[in-house]
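Visitor: Structure file input.txt, compact mmCIF, C-alpha atoms, is pasted below:
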# COMPACT_ATOMS: atom_id res chain seq x y z
CA MET J 267 42.59 -1.57 -9.53
CA GLN J 268 39.70 0.89 -9.13
CA ILE J 269 36.72 0.12 -6.93
CA ILE J 270 34.35 1.54 -9.57
CA ASN J 271 35.10 0.27 -13.06
CA SER J 272 31.84 0.67 -14.98
CA ILE J 273 28.58 2.57 -15.08
CA GLU J 274 26.97 -0.55 -13.56
CA ASP J 275 29.26 -0.18 -10.53
CA PHE J 276 28.54 3.54 -10.36
CA VAL J 277 24.74 3.31 -10.35
CA LEU J 278 24.84 0.94 -7.38
CA SER J 279 25.66 4.06 -5.35
CA ILE J 280 23.77 6.61 -7.48
CA PRO J 281 20.76 5.05 -9.27
CA THR J 282 19.81 8.37 -10.92
CA ALA J 283 22.99 8.15 -13.02
CA GLN J 284 21.54 5.23 -15.00
CA GLY J 285 21.43 7.21 -18.23
CA THR J 286 25.04 8.40 -17.97
CA GLU J 287 27.67 7.14 -20.39
CA TRP J 288 30.69 5.64 -18.61
CA GLU J 289 33.04 7.67 -20.78
CA ALA J 290 31.43 10.86 -19.48
CA ILE J 291 31.77 9.99 -15.79
CA GLU J 292 35.01 7.99 -15.77
CA PRO J 293 37.40 11.01 -15.59
CA PHE J 294 35.58 12.22 -12.49
CA VAL J 295 35.75 8.74 -10.92
CA LEU J 296 39.51 8.62 -11.53
CA ALA J 297 39.92 12.08 -10.00
CA ALA J 298 37.81 11.05 -7.00
CA ASP J 299 39.98 7.95 -6.55
CA ASP J 300 43.14 10.06 -6.47
CA PHE J 301 41.63 12.58 -4.07
CA ILE J 302 40.34 10.01 -1.58
CA ILE J 303 43.57 8.00 -1.63
CA SER J 304 45.63 11.17 -1.08
CA THR J 305 43.49 12.68 1.69
CA LEU J 306 41.59 9.89 3.45
CA THR J 307 42.51 6.25 2.94
CA GLY J 308 46.05 6.05 1.66
CA SER J 309 46.92 3.42 -0.92
CA ASP J 310 47.26 0.50 1.53
CA LEU J 311 43.69 0.72 2.84
CA TYR J 312 42.31 1.49 -0.62
CA ASN J 313 44.03 -1.55 -2.13
CA TYR J 314 42.95 -3.73 0.80
CA ILE J 315 39.31 -2.81 0.25
CA THR J 316 39.36 -3.11 -3.54
CA ALA J 317 40.85 -6.61 -3.19
CA ILE J 318 37.80 -7.79 -1.23
CA THR J 319 35.94 -10.29 -3.43
CA ASP J 320 32.59 -10.03 -1.67
CA ASP J 321 30.72 -7.21 -3.44
CA ALA J 322 28.30 -7.01 -0.50
CA ASN J 323 31.13 -6.29 1.98
CA ASN J 324 30.32 -3.20 4.03
CA LEU J 325 33.80 -1.75 3.61
CA LYS J 326 33.59 -2.10 -0.16
CA SER J 327 30.16 -0.50 -0.43
CA ALA J 328 31.19 2.36 1.88
CA LEU J 329 34.28 3.18 -0.19
CA SER J 330 32.30 2.87 -3.44
CA ASN J 331 29.77 5.38 -2.10
CA ILE J 332 32.50 7.87 -1.25
CA ILE J 333 34.07 7.65 -4.70
CA ALA J 334 30.70 7.80 -6.46
CA PHE J 335 29.36 10.82 -4.56
CA ARG J 336 32.64 12.69 -4.86
CA ALA J 337 32.75 12.00 -8.62
CA TYR J 338 29.08 12.85 -9.16
CA ARG J 339 29.31 16.11 -7.24
CA GLU J 340 32.26 17.20 -9.35
CA ALA J 341 30.62 16.05 -12.60
CA ILE J 342 27.17 17.62 -12.17
CA PRO J 343 28.10 21.12 -13.44
CA PHE J 344 29.43 19.59 -16.67
CA VAL J 345 27.12 16.71 -17.56
CA ASP J 346 24.64 18.72 -19.65
CA LEU J 347 27.17 21.09 -21.26
CA ILE J 348 28.92 20.76 -24.59
CA GLN J 349 31.52 23.10 -26.02
CA THR J 350 30.95 24.36 -29.54
CA PRO J 351 32.97 26.73 -31.73
CA ASN J 352 30.65 29.50 -30.55
CA GLY J 353 30.72 28.71 -26.82
CA PHE J 354 28.94 26.30 -24.46
CA GLY J 355 25.57 24.76 -25.16
CA VAL J 356 23.10 22.75 -23.08
CA VAL J 357 22.48 19.18 -24.15
CA SER J 358 18.78 18.37 -24.39
CA ASN J 359 16.31 16.26 -26.31
CA ALA J 360 12.61 16.20 -27.06
CA ASN J 361 11.77 14.07 -24.01
CA VAL J 362 13.94 15.57 -21.25
CA ALA J 363 14.23 19.26 -20.45
CA PRO J 364 17.31 20.63 -18.64
CA ALA J 365 16.87 20.89 -14.87
CA SER J 366 16.60 24.33 -13.30
CA LYS J 367 19.57 25.93 -11.58
CA GLU J 368 17.85 25.45 -8.21
CA ARG J 369 17.29 21.72 -8.81
CA VAL J 370 20.93 21.26 -9.77
CA GLU J 371 22.10 23.15 -6.68
CA ARG J 372 19.89 20.98 -4.46
CA LEU J 373 21.31 17.85 -6.10
CA MET J 374 24.87 19.04 -5.48
CA ALA J 375 24.03 19.85 -1.86
CA GLN J 376 22.53 16.39 -1.44
CA CYS J 377 25.66 14.82 -2.93
CA GLU J 378 27.78 16.81 -0.47
CA GLN J 379 25.66 15.60 2.43
CA GLN J 380 25.79 12.00 1.26
CA LEU J 381 29.56 12.26 0.79
CA ASP J 382 29.92 13.52 4.36
CA SER J 383 27.92 10.58 5.69
CA ALA J 384 29.74 8.05 3.50
CA ILE J 385 33.16 9.16 4.78
CA ASP J 386 32.01 8.84 8.38
CA MET J 387 30.52 5.42 7.71
CA LEU J 388 33.76 4.19 6.15
CA ILE J 389 35.71 5.36 9.21
CA PHE J 390 33.26 3.57 11.53
CA LYS J 391 33.61 0.36 9.54
CA VAL J 392 37.40 0.56 9.33
CA MET J 393 37.64 1.12 13.09
CA GLY J 394 35.63 -2.07 13.60
CA ASP J 395 37.83 -4.17 11.29
CA GLY J 396 41.27 -4.92 12.73
CA SER J 397 42.89 -5.76 9.39
CA ALA J 398 41.50 -2.66 7.69
CA LEU J 399 42.61 -0.48 10.60
CA THR J 400 46.12 -1.87 10.32
CA GLU J 401 46.21 -0.91 6.64
CA TRP J 402 44.84 2.57 7.38
CA SER J 403 47.48 3.12 10.07
CA LYS J 404 50.17 2.83 7.37
CA PHE J 405 48.89 6.02 5.73
CA SER J 406 51.17 9.03 6.27
CA GLN J 407 48.17 11.16 7.26
CA PHE J 408 46.69 8.61 9.68
CA GLU J 409 47.90 10.32 12.84
CA GLN J 410 46.70 13.70 11.59
CA LEU J 411 43.26 12.25 10.77
CA THR J 412 43.00 10.68 14.24
CA ASN J 413 44.61 13.34 16.45
CA CYS J 414 41.27 14.39 17.94
CA LEU J 415 39.21 12.43 20.46
CA PHE J 416 36.38 12.73 17.94
CA LEU J 417 36.93 10.72 14.77
CA THR J 418 33.70 11.38 12.86
CA GLY J 419 31.12 14.08 12.33
CA ILE J 420 28.38 11.71 13.46
CA ASP J 421 30.11 11.28 16.83
CA PHE J 422 30.70 15.03 17.14
CA ALA J 423 27.05 15.84 16.38
CA GLU J 424 25.84 13.52 19.15
CA TYR J 425 27.85 15.43 21.76
CA SER J 426 27.55 18.98 20.45
CA GLY J 427 23.79 19.35 20.89
CA ASP J 428 23.73 21.76 17.96
CA ASN J 429 20.75 20.95 15.74
CA SER J 430 22.07 23.23 12.99
CA ILE J 431 24.77 20.70 12.07
CA ALA J 432 22.35 17.81 11.58
CA SER J 433 22.67 17.77 7.79
CA PHE J 434 26.40 18.34 7.41
CA LYS J 435 27.84 16.61 10.45
CA ARG J 436 31.32 15.96 9.07
CA LYS J 437 31.67 19.46 7.64
CA ALA J 438 30.79 20.91 11.06
CA PHE J 439 33.30 18.56 12.70
CA ILE J 440 36.11 19.55 10.32
CA LEU J 441 35.38 23.26 10.89
CA SER J 442 35.59 22.74 14.67
CA LYS J 443 38.44 20.24 14.77
CA ASN J 444 41.35 22.70 15.04
CA LYS J 445 39.69 24.41 18.00
CA MET J 446 39.13 21.08 19.71
CA VAL J 447 42.72 19.95 19.11
CA THR J 448 43.88 23.20 20.71
CA ALA J 449 41.51 22.66 23.64
CA GLN J 450 42.94 19.17 24.08
CA THR J 451 46.34 20.75 24.70
CA THR J 452 45.38 23.85 26.67
CA VAL J 453 42.29 22.75 28.60
CA LEU J 454 42.14 18.97 28.88
CA SER J 455 45.72 17.67 29.09
CA PRO J 456 46.75 19.82 32.10
CA VAL J 457 43.93 18.20 34.12
CA ILE J 458 44.18 14.54 33.09
CA SER J 459 47.96 14.74 32.38
CA GLN J 460 49.69 14.62 29.02
CA ASP J 461 50.57 10.96 29.50
CA LEU J 462 46.97 9.89 30.09
CA PHE J 463 45.76 12.04 27.21
CA ASP J 464 48.32 10.41 24.88
CA GLU J 465 47.08 7.02 26.08
CA LEU J 466 43.49 8.00 25.29
CA ILE J 467 44.41 9.13 21.78
CA LEU J 468 46.37 5.92 21.12
CA GLN J 469 43.62 3.64 22.41
CA ASN J 470 40.96 5.61 20.56
CA ARG J 471 42.76 5.49 17.20
CA THR J 472 43.54 1.78 17.59
CA ASN J 473 40.07 0.83 18.87
CA SER J 474 41.58 -0.62 22.04
CA LEU J 475 39.98 1.46 24.79
CA THR J 476 39.86 -0.05 28.25
CA THR J 477 36.55 0.10 30.08
CA ASP J 478 37.76 2.84 32.43
CA ASN J 479 39.32 4.90 29.66
CA ARG J 480 36.17 4.60 27.57
CA LEU J 481 34.20 6.28 30.34
CA LEU J 482 36.89 8.94 30.68
CA LEU J 483 36.77 9.50 26.91
CA TYR J 484 33.05 10.24 27.05
CA ASN J 485 33.62 12.88 29.73
CA CYS J 486 36.54 14.41 27.83
CA LYS J 487 34.43 14.72 24.69
CA GLU J 488 31.87 16.68 26.69
CA VAL J 489 34.65 19.05 27.76
CA LEU J 490 35.82 19.61 24.18
CA CYS J 491 32.33 20.43 22.92
CA ARG J 492 31.72 22.92 25.72
CA ALA J 493 35.22 24.41 25.37
CA ILE J 494 34.64 25.50 21.76
CA GLU J 495 31.17 26.93 22.37
CA GLU J 496 30.68 30.67 22.47
CA LYS J 497 27.69 30.58 24.82
CA GLU J 498 27.66 32.68 27.97
CA ASN J 499 27.96 29.83 30.49
CA SER J 500 30.15 27.49 28.46
CA GLN J 501 33.38 28.21 30.32
CA ASN J 502 31.68 27.66 33.67
CA ASP J 503 30.41 24.33 32.35
CA VAL J 504 33.95 23.45 31.28
CA LYS J 505 35.31 24.16 34.77
CA LYS J 506 32.61 22.02 36.38
CA LEU J 507 33.25 19.14 34.00
CA LEU J 508 37.02 19.33 34.55
CA ASN J 509 36.54 19.36 38.32
CA GLN J 510 34.35 16.25 38.04
CA ILE J 511 36.96 14.49 35.90
CA ALA J 512 39.77 15.39 38.31
CA TYR J 513 37.69 14.17 41.26
CA GLN J 514 36.92 10.85 39.59
CA LEU J 515 40.57 10.30 38.60
CA GLU J 516 41.77 10.87 42.15
CA LYS J 517 38.93 8.89 43.70
CA GLN J 518 39.74 5.88 41.50
CA ILE J 519 43.47 6.44 41.15
CA ASP J 520 44.19 2.69 41.07
CA LYS J 521 42.19 2.43 37.83
CA TYR J 522 44.34 5.07 36.14
CA PRO J 523 47.98 4.04 36.64
CA THR J 524 49.17 6.28 33.80
CA TYR J 525 47.72 9.32 35.57
CA ALA J 526 49.08 8.13 38.93
CA ALA J 527 52.59 8.00 37.46
CA SER J 528 52.35 11.35 35.66
CA ALA J 529 54.30 14.50 36.45
CA GLU J 530 51.06 16.45 36.73
CA TYR J 531 49.72 14.19 39.47
CA ALA J 532 53.07 14.16 41.30
CA LEU J 533 53.02 17.95 41.36
CA LYS J 534 49.44 18.00 42.56
CA ILE J 535 50.07 15.75 45.57
CA ALA J 536 53.51 17.12 46.45
CA PRO J 537 53.68 18.62 49.97
CA LYS J 538 53.11 22.34 49.97
CA TYR J 539 56.02 24.45 51.17
CA VAL J 540 55.81 25.51 54.79
CA ASN J 541 57.60 28.72 55.77
CA LYS J 542 59.88 27.68 58.67
CA GLN J 543 62.07 30.03 60.71
CA SER J 544 64.97 27.57 60.44
CA ASP J 545 64.99 27.75 56.62
CA PRO J 546 67.67 29.89 54.94
CA VAL J 547 64.91 31.44 52.83
CA TYR J 548 62.60 32.12 55.79
CA PHE J 549 60.56 35.23 55.33
CA PHE J 550 58.16 37.08 57.60
Output the structure of this file as structure tokens.

Guide:
Amino acid sequence: MQIINSIEDFVLSIPTAQGTEWEAIEPFVLAADDFIISTLTGSDLYNYITAITDDANNLKSALSNIIAFRAYREAIPFVDLIQTPNGFGVVSNANVAPASKERVERLMAQCEQQLDSAIDMLIFKVMGDGSALTEWSKFSQFEQLTNCLFLTGIDFAEYSGDNSIASFKRKAFILSKNKMVTAQTTVLSPVISQDLFDELILQNRTNSLTTDNRLLLYNCKEVLCRAIEEKENSQNDVKKLLNQIAYQLEKQIDKYPTYAASAEYALKIAPKYVNKQSDPVYFF
């Protein structure tokens, strides 16, 4: 079953589509359904949400918005065109003139922005609903979608301090995600240990963060944002932040048993070799 089944459903998300015939928009809705199921929700979460009987449910409205904005964005270039034997023509009537190219481009940009926000909002709502999160975790792409300490563009924008990404938060997050995932492996994990990092990822993607790990997560997110910056002092900031994290972990080692049991910590506290004259490998 689709979440949007009529023009009445569609205009709940996009009121300006009131004059659209369902037959004209339905192919784009079907395509949007397929795309979102294949790349974001998976069929289990999609079916879980569509089965909700309360039309005012936040999960249902969030998914409807995603489908509607994706469909509308894809449909806009075609809605006023008709193919004739002599080529394409613009549909018009005596009361409504076709919109200018600039107006159409602004509308598409606004749809893109709203789509970005709607995807983030759905993720927020799913993370706060245990049953929905269980259904999402069945999706084959779930681990790939949640392999970064940041899960949404809204979250990323709050830490990045870059005002230029205010409008397209999720797009900026997706463009930066690969760099941050690399930084997780090369910059962050060696300091907090691979075991503790894996624990953070698991707790973050299952919405089960302990109080101590939640604080650590905040600090680690700061590291990731600074690590991908290209500003002059960014790497110095990263080193300072990592030193602070390492200090806090060791100062409160009893609160971080996973770190205390890690190979990285064992190596860090192992006695340093002392060059003794009695050793077979003594050198001078």

Visitor: Might you pull out every residue within 9 Å of region 311-323 of chain J, with all atoms listed in the file counted and same-chain residues fewer than 5 positions away left off, and present them as number ranges by chain?

Guide: J: 267-269, 302-303, 328-329, 397-405

Visitor: Do a neighbour search on Ala297 (chain J) at 8 Å with all atoms listed in the file, toss out local chain neighbours closer than 4 positions, and write the hits as a ChimeraX atom specification.

Guide: /J:293,301,337

Visitor: Just the residues within 8 Å of Ile333 (chain J), please, counting all atoms listed in the file, with nothing from its chain fewer than 2 positions along; format it as a PyMOL selection string.

Guide: chain J and resi 270+295+298-299+302+329-331+335-337

Visitor: Please return as a PyMOL selection string every residue within 12 Å of (49.3, 10.6, 11.2), taking into account all atoms listed in the file and the file's own coordinates.

Guide: chain J and resi 305-308+402-414+467-468+471

Visitor: Just the residues within 12 Å of Gly394 (chain J), please, counting all atoms listed in the file, with nothing from its chain fewer than 4 positions along; format it as a list of chain:residue names.

Guide: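 Returned residues: J:Asn324, J:Leu325, J:Met387, J:Leu388, J:Ile389, J:Phe390, J:Ala398, J:Leu399, J:Thr400, J:Asn470, J:Arg471, J:Thr472, J:Asn473, J:Ser474.
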
Visitor: Just checking: using all atoms listed in the file, which residue out of J:Ile511, J:Ala423, J:Val392, J:Ile458 ends up closest to Ile440 (chain J)?

Guide: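 Looking at the shortest contact to Ile440 (chain J), the residue is J:Ala423.
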
Visitor: May I have the residues within 8 Å of Arg492 (chain J) as JSON, numbers by chain, using all atoms listed in the file and disregarding those fewer than 4 positions away in the same chain?

Guide: {"J": [426, 488, 500, 501, 503, 504]}

Visitor: Rank J:Asn502, J:Pro456, J:Ile535, J:Gln450 by their smallest atom-to-atom distance to Leu483 (chain J), using all atoms listed in the file, and report the top residue only.

Guide: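 Smallest separation from Leu483 (chain J) among the options: J:Gln450.
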
Visitor: Just give me the gap between CA of Met374 (chain J) and CA of Ala283 (chain J) in Å, one decimal is fine.

Guide: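 Result for CA of Met374 (chain J) versus CA of Ala283 (chain J): 13.4 Å, one decimal.
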
Visitor: To one decimal in Å, tell me the separation between CA of Asp395 (chain J) and CA of Leu466 (chain J).

Guide: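 Computing the Euclidean distance for CA of Asp395 (chain J) and CA of Leu466 (chain J) yields 19.4 Å.
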